[in-house]
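A.B. asks: Handing over final_38.csv, CSV, C-alpha atoms.
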```csv
chain,number,residue,atom,x,y,z
A,15,MET,CA,-9.8,26.1,3.4
A,16,LEU,CA,-9.0,27.8,6.6
A,17,VAL,CA,-6.2,30.4,6.2
A,18,LEU,CA,-4.1,31.6,9.1
A,19,THR,CA,-1.2,33.9,9.2
A,20,ARG,CA,1.7,32.8,11.5
A,21,ARG,CA,5.2,34.0,12.1
A,22,ALA,CA,8.4,32.0,12.8
A,23,ASN,CA,8.1,30.2,16.2
A,24,GLN,CA,4.3,30.4,16.2
A,25,SER,CA,2.2,27.3,16.0
A,26,ILE,CA,-1.2,26.0,15.1
A,27,VAL,CA,-3.0,23.1,16.9
A,28,ILE,CA,-5.0,20.6,15.0
A,29,GLY,CA,-7.4,18.6,17.1
A,30,HIS,CA,-6.1,18.1,20.6
A,31,ASP,CA,-2.7,16.7,19.9
A,32,VAL,CA,-1.2,17.8,16.6
A,33,VAL,CA,1.0,20.9,16.8
A,34,VAL,CA,2.5,22.4,13.6
A,35,THR,CA,5.2,25.1,14.3
A,36,VAL,CA,6.7,27.4,11.8
A,37,LEU,CA,10.4,27.1,12.4
A,38,GLU,CA,11.9,29.3,9.7
A,39,VAL,CA,10.8,31.3,6.7
A,40,ARG,CA,13.3,32.1,4.1
A,41,GLY,CA,12.2,33.3,0.7
A,42,ASP,CA,9.6,30.9,-0.7
A,43,GLN,CA,10.6,28.1,1.7
A,44,VAL,CA,9.1,27.4,5.0
A,45,ARG,CA,10.4,24.9,7.6
A,46,LEU,CA,7.7,23.3,9.7
A,47,GLY,CA,8.0,21.3,12.8
A,48,ILE,CA,5.2,18.8,13.5
A,49,ARG,CA,4.4,17.2,16.8
A,50,ALA,CA,1.8,14.4,16.6
A,51,PRO,CA,0.9,11.2,18.3
A,52,ARG,CA,2.9,8.3,16.8
A,53,GLU,CA,-0.2,6.7,15.3
A,54,VAL,CA,-0.7,9.8,13.2
A,55,THR,CA,1.3,9.5,10.0
A,56,VAL,CA,2.8,12.7,8.5
A,57,HIS,CA,4.2,12.8,5.0
A,58,ARG,CA,4.8,15.3,2.2
A,59,GLU,CA,1.7,15.4,0.0
A,60,GLU,CA,3.7,14.6,-3.1
A,61,VAL,CA,4.5,11.1,-1.8
A,62,TYR,CA,0.8,10.4,-1.1
A,63,ALA,CA,-0.2,11.8,-4.5
A,64,GLU,CA,2.3,9.6,-6.2
A,65,ILE,CA,1.0,6.4,-4.6
A,66,GLN,CA,-2.6,7.4,-5.1
A,67,ARG,CA,-1.9,7.9,-8.8
A,68,GLU,CA,-0.2,4.6,-9.0
A,69,ASN,CA,-3.0,2.8,-7.2
A,70,ARG,CA,-5.5,4.2,-9.8
A,71,GLN,CA,-3.3,2.9,-12.6
A,72,ALA,CA,-3.0,-0.4,-10.8
A,73,ALA,CA,-6.8,-0.8,-10.4
A,74,MET,CA,-7.9,-3.6,-12.6
A,75,ARG,CA,-11.2,-2.6,-13.9
A,76,PRO,CA,-13.0,-5.4,-15.7
A,77,ASP,CA,-12.1,-4.0,-19.1
A,78,VAL,CA,-8.5,-4.9,-18.4
A,79,PRO,CA,-8.0,-8.4,-20.0
A,80,PHE,CA,-8.0,-11.3,-17.6
A,81,ASP,CA,-5.0,-13.2,-19.1
A,82,VAL,CA,-2.3,-10.9,-17.9
A,83,ARG,CA,1.0,-12.5,-18.8
A,84,LEU,CA,2.9,-12.5,-15.5
A,85,PRO,CA,6.6,-13.3,-15.4
A,86,PRO,CA,7.4,-16.7,-14.0
A,87,VAL,CA,8.4,-16.6,-10.3
A,88,PRO,CA,12.2,-16.9,-10.0
A,89,PRO,CA,13.5,-19.8,-7.9
A,90,PRO,CA,14.3,-18.9,-4.3
A,91,PRO,CA,17.9,-17.8,-3.7
A,92,PRO,CA,20.0,-20.6,-2.3
A,93,ARG,CA,19.8,-19.4,1.3
A,94,ARG,CA,18.3,-16.5,3.1
A,95,SER,CA,18.7,-15.8,6.8
A,96,GLY,CA,16.0,-14.1,8.9
B,29,MET,CA,-19.1,-16.2,2.3
B,30,LEU,CA,-20.2,-15.4,-1.2
B,31,VAL,CA,-18.7,-12.5,-3.0
B,32,ALA,CA,-19.8,-10.8,-6.2
B,33,SER,CA,-17.1,-9.8,-8.6
B,34,ASP,CA,-17.2,-8.5,-12.1
B,35,ARG,CA,-13.9,-10.2,-13.0
B,36,PHE,CA,-14.3,-13.6,-11.4
B,37,GLY,CA,-18.1,-13.9,-11.2
B,38,GLU,CA,-19.5,-15.1,-7.9
B,39,LEU,CA,-16.8,-16.3,-5.5
B,40,GLU,CA,-16.9,-18.5,-2.4
B,41,ILE,CA,-14.4,-17.0,0.0
B,42,GLU,CA,-13.1,-18.3,3.3
B,43,GLU,CA,-13.4,-15.7,6.0
B,44,ASP,CA,-9.7,-16.0,6.8
B,45,ARG,CA,-8.8,-14.9,3.2
B,46,VAL,CA,-10.5,-11.5,3.7
B,47,LEU,CA,-8.1,-8.6,4.5
B,48,GLN,CA,-9.5,-5.5,6.2
B,49,PHE,CA,-8.1,-2.1,5.5
B,50,ASP,CA,-9.9,0.4,7.8
B,51,ASP,CA,-8.6,3.4,6.0
B,52,GLY,CA,-9.0,1.8,2.5
B,53,LEU,CA,-6.1,2.2,0.0
B,54,LEU,CA,-4.7,5.5,-1.0
B,55,GLY,CA,-7.1,7.0,-3.5
B,56,PHE,CA,-9.6,4.3,-2.7
B,57,PRO,CA,-10.8,5.2,0.9
B,58,GLU,CA,-14.0,3.2,0.5
B,59,ALA,CA,-12.2,0.0,-0.5
B,60,LYS,CA,-11.8,-1.5,3.0
B,61,ARG,CA,-12.1,-5.2,2.4
B,62,PHE,CA,-10.4,-7.4,-0.1
B,63,ALA,CA,-10.4,-11.1,-0.7
B,64,MET,CA,-7.0,-12.5,-1.3
B,65,LEU,CA,-7.1,-15.0,-4.2
B,66,ASP,CA,-4.3,-17.3,-5.1
B,67,THR,CA,-5.5,-17.7,-8.7
B,68,HIS,CA,-2.1,-18.5,-10.1
B,69,ASP,CA,-1.4,-21.0,-7.5
B,70,THR,CA,2.0,-19.6,-6.9
B,71,GLY,CA,1.8,-18.3,-3.4
B,72,VAL,CA,3.5,-15.2,-4.8
B,73,TYR,CA,0.9,-13.6,-7.1
B,74,PHE,CA,-2.4,-12.7,-5.5
B,75,TRP,CA,-5.5,-11.0,-6.9
B,76,LEU,CA,-7.1,-8.7,-4.4
B,77,GLN,CA,-10.8,-8.5,-5.1
B,78,SER,CA,-12.7,-5.7,-3.4
B,79,LEU,CA,-15.7,-6.8,-1.4
B,80,ASP,CA,-17.0,-3.2,-1.4
B,81,ASP,CA,-16.9,-2.7,-5.2
B,82,PRO,CA,-17.4,-5.8,-7.4
B,83,GLY,CA,-15.7,-3.9,-10.3
B,84,LEU,CA,-12.5,-3.2,-8.4
B,85,ALA,CA,-9.6,-5.7,-8.2
B,86,PHE,CA,-5.8,-5.4,-7.9
B,87,LEU,CA,-3.0,-7.7,-8.8
B,88,SER,CA,-0.4,-8.0,-6.1
B,89,VAL,CA,2.9,-9.8,-5.5
B,90,VAL,CA,4.7,-11.0,-2.4
B,91,PRO,CA,7.8,-8.9,-3.2
B,92,TRP,CA,10.8,-11.1,-2.2
B,93,SER,CA,10.8,-13.5,-5.1
B,94,PHE,CA,11.5,-10.6,-7.4
B,95,PHE,CA,13.1,-8.2,-5.0
B,96,PRO,CA,15.1,-10.3,-2.5
B,97,ASP,CA,16.8,-7.3,-1.0
B,98,TYR,CA,13.6,-5.4,-0.4
B,99,GLU,CA,13.5,-4.2,3.3
B,100,PRO,CA,10.4,-2.1,4.1
B,101,HIS,CA,11.1,-0.4,7.4
B,102,LEU,CA,7.7,0.4,9.0
B,103,PRO,CA,7.4,3.6,10.9
B,104,GLU,CA,6.9,2.9,14.6
B,105,GLY,CA,3.4,4.3,14.5
B,106,GLU,CA,2.4,2.0,11.6
B,107,GLN,CA,3.8,-1.0,13.4
B,108,ALA,CA,1.8,-0.1,16.5
B,109,SER,CA,-1.5,0.6,14.7
B,110,LEU,CA,-1.1,-2.8,12.9
B,111,GLY,CA,-0.4,-4.5,16.2
B,112,LEU,CA,2.7,-6.1,14.7
B,113,ARG,CA,5.2,-7.5,17.2
B,114,SER,CA,7.5,-9.2,14.8
B,115,ALA,CA,8.2,-9.1,11.1
B,116,SER,CA,7.2,-12.7,10.7
B,117,GLU,CA,3.6,-11.8,11.6
B,118,ALA,CA,3.3,-9.5,8.6
B,119,ILE,CA,2.0,-10.3,5.2
B,120,VAL,CA,3.5,-7.8,2.7
B,121,LEU,CA,2.0,-7.4,-0.8
B,122,CYS,CA,3.0,-4.9,-3.5
B,123,LEU,CA,0.4,-3.8,-6.0
B,124,LEU,CA,1.2,-4.5,-9.6
B,125,THR,CA,0.6,-2.1,-12.5
B,126,VAL,CA,0.2,-3.6,-15.9
B,127,GLN,CA,1.3,-1.0,-18.4
B,128,ARG,CA,-1.1,-0.4,-21.2
B,129,ASP,CA,0.9,-2.4,-23.8
B,130,GLN,CA,1.2,-5.3,-21.3
B,131,GLU,CA,4.9,-5.4,-22.1
B,132,ALA,CA,5.9,-4.2,-18.6
B,133,ILE,CA,4.5,-5.1,-15.2
B,134,THR,CA,5.7,-3.0,-12.3
B,135,ALA,CA,5.5,-3.4,-8.6
B,136,ASN,CA,4.9,-0.5,-6.1
B,137,LEU,CA,7.6,-0.8,-3.6
B,138,LEU,CA,7.0,2.7,-2.1
B,139,GLY,CA,3.5,2.0,-0.8
B,140,PRO,CA,3.3,-1.7,0.1
B,141,LEU,CA,0.3,-3.2,1.7
B,142,VAL,CA,1.2,-4.6,5.1
B,143,VAL,CA,-1.2,-6.9,6.9
B,144,ASN,CA,-1.1,-8.4,10.3
B,145,GLY,CA,-1.4,-12.1,9.5
B,146,THR,CA,-3.2,-12.9,12.7
B,147,THR,CA,-5.8,-10.2,12.7
B,148,ARG,CA,-5.9,-9.8,8.9
B,149,LYS,CA,-6.0,-6.0,9.4
B,150,GLY,CA,-3.8,-4.1,7.0
B,151,ARG,CA,-2.7,-0.7,5.9
B,152,GLN,CA,-1.1,0.8,2.8
B,153,VAL,CA,2.2,2.1,4.3
B,154,VAL,CA,4.0,5.0,2.8
B,155,LEU,CA,7.8,4.4,3.0
B,156,ALA,CA,8.4,8.1,2.4
B,157,GLU,CA,12.1,8.3,3.1
B,158,SER,CA,13.0,4.9,1.7
B,159,GLY,CA,13.8,5.9,-1.9
B,160,TYR,CA,11.9,2.8,-3.1
B,161,PRO,CA,10.2,3.4,-6.5
B,162,VAL,CA,6.4,3.2,-7.2
B,163,ARG,CA,7.3,1.4,-10.4
B,164,ALA,CA,9.9,-1.3,-10.1
B,165,PRO,CA,9.8,-3.6,-13.2
B,166,LEU,CA,9.3,-7.3,-12.5
B,167,ALA,CA,12.2,-9.0,-14.1
B,168,ALA,CA,11.5,-12.6,-15.1
```
Show me the file's structure as structure tokens.
C.D. replies:
Amino acid sequence: MLVLTRRANQSIVIGHDVVVTVLEVRGDQVRLGIRAPREVTVHREEVYAEIQRENRQAAMRPDVPFDVRLPPVPPPPPRRSG
Amino acid sequence: MLVASDRFGELEIEEDRVLQFDDGLLGFPEAKRFAMLDTHDTGVYFWLQSLDDPGLAFLSVVPWSFFPDYEPHLPEGEQASLGLRSASEAIVLCLLTVQRDQEAITANLLGPLVVNGTTRKGRQVVLAESGYPVRAPLAA
């Protein structure tokens, strides 16, 4: 892992178009600003990790029995706009 | 096309039932292509059989039968990279987790699979600020 030391209001550039700026340091908290092209998704790692973990749980390896009892599909609500 | 799968044996799949995830799914970066199988004939539950790993399959659900108020708001960047111009173009599938005792089945509303119905290209989208759970119980 590359380790850099930065102060408040200093930035690092990742690739050509992602800029991460340290906005504020207070105790053990750091506020970061991130400028990235809109097709680059930026999220807290915890959310990613949570979905990764759930995906692994959801993966149906062949040892999971075939005849999963799925709940019956509820009838559609009377009317839905959109 | 013929597809090998551990769970279903050899499958004959129409090309237009193959979904392409260029980035794979979270935690499964190599799983880029899935066949969408309507094995329960419901149009609501679908098996997703990996074409890249015969041993890998997921159960998924079109969420609105069970979660009529579900409103996944796609970040603008996701919408653009999927080439979606309107919501009606999108296929939305939520992966199901069968809990070990099989008593509970939950749907992942936080990280839905969103597919462009025309191009069949999809992504697992992270709805980070939505507050939706990764484990929403499917109520019968």
A.B. asks: In Å, how far is it from atom CA of B:Pro100 to atom CA of B:Arg163?
C.D. replies: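 Between these atoms lies a distance of 15.2 Å.
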A.B. asks: Pull out every residue of chain A sitting within 8 Å of chain B, counting all atoms listed in the file, and send them as a count of residues only.
C.D. replies: 30
A.B. asks: Atom CA of B:His101 to atom CA of B:Cys122: how many Å, to one decimal?
C.D. replies: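 Between atom CA of B:His101 and atom CA of B:Cys122 the gap is 14.3 Å.
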A.B. asks: Just give me the gap between atom CA of B:Ser78 and atom CA of B:Leu102 in Å, one decimal is fine.
C.D. replies: 24.6 Å
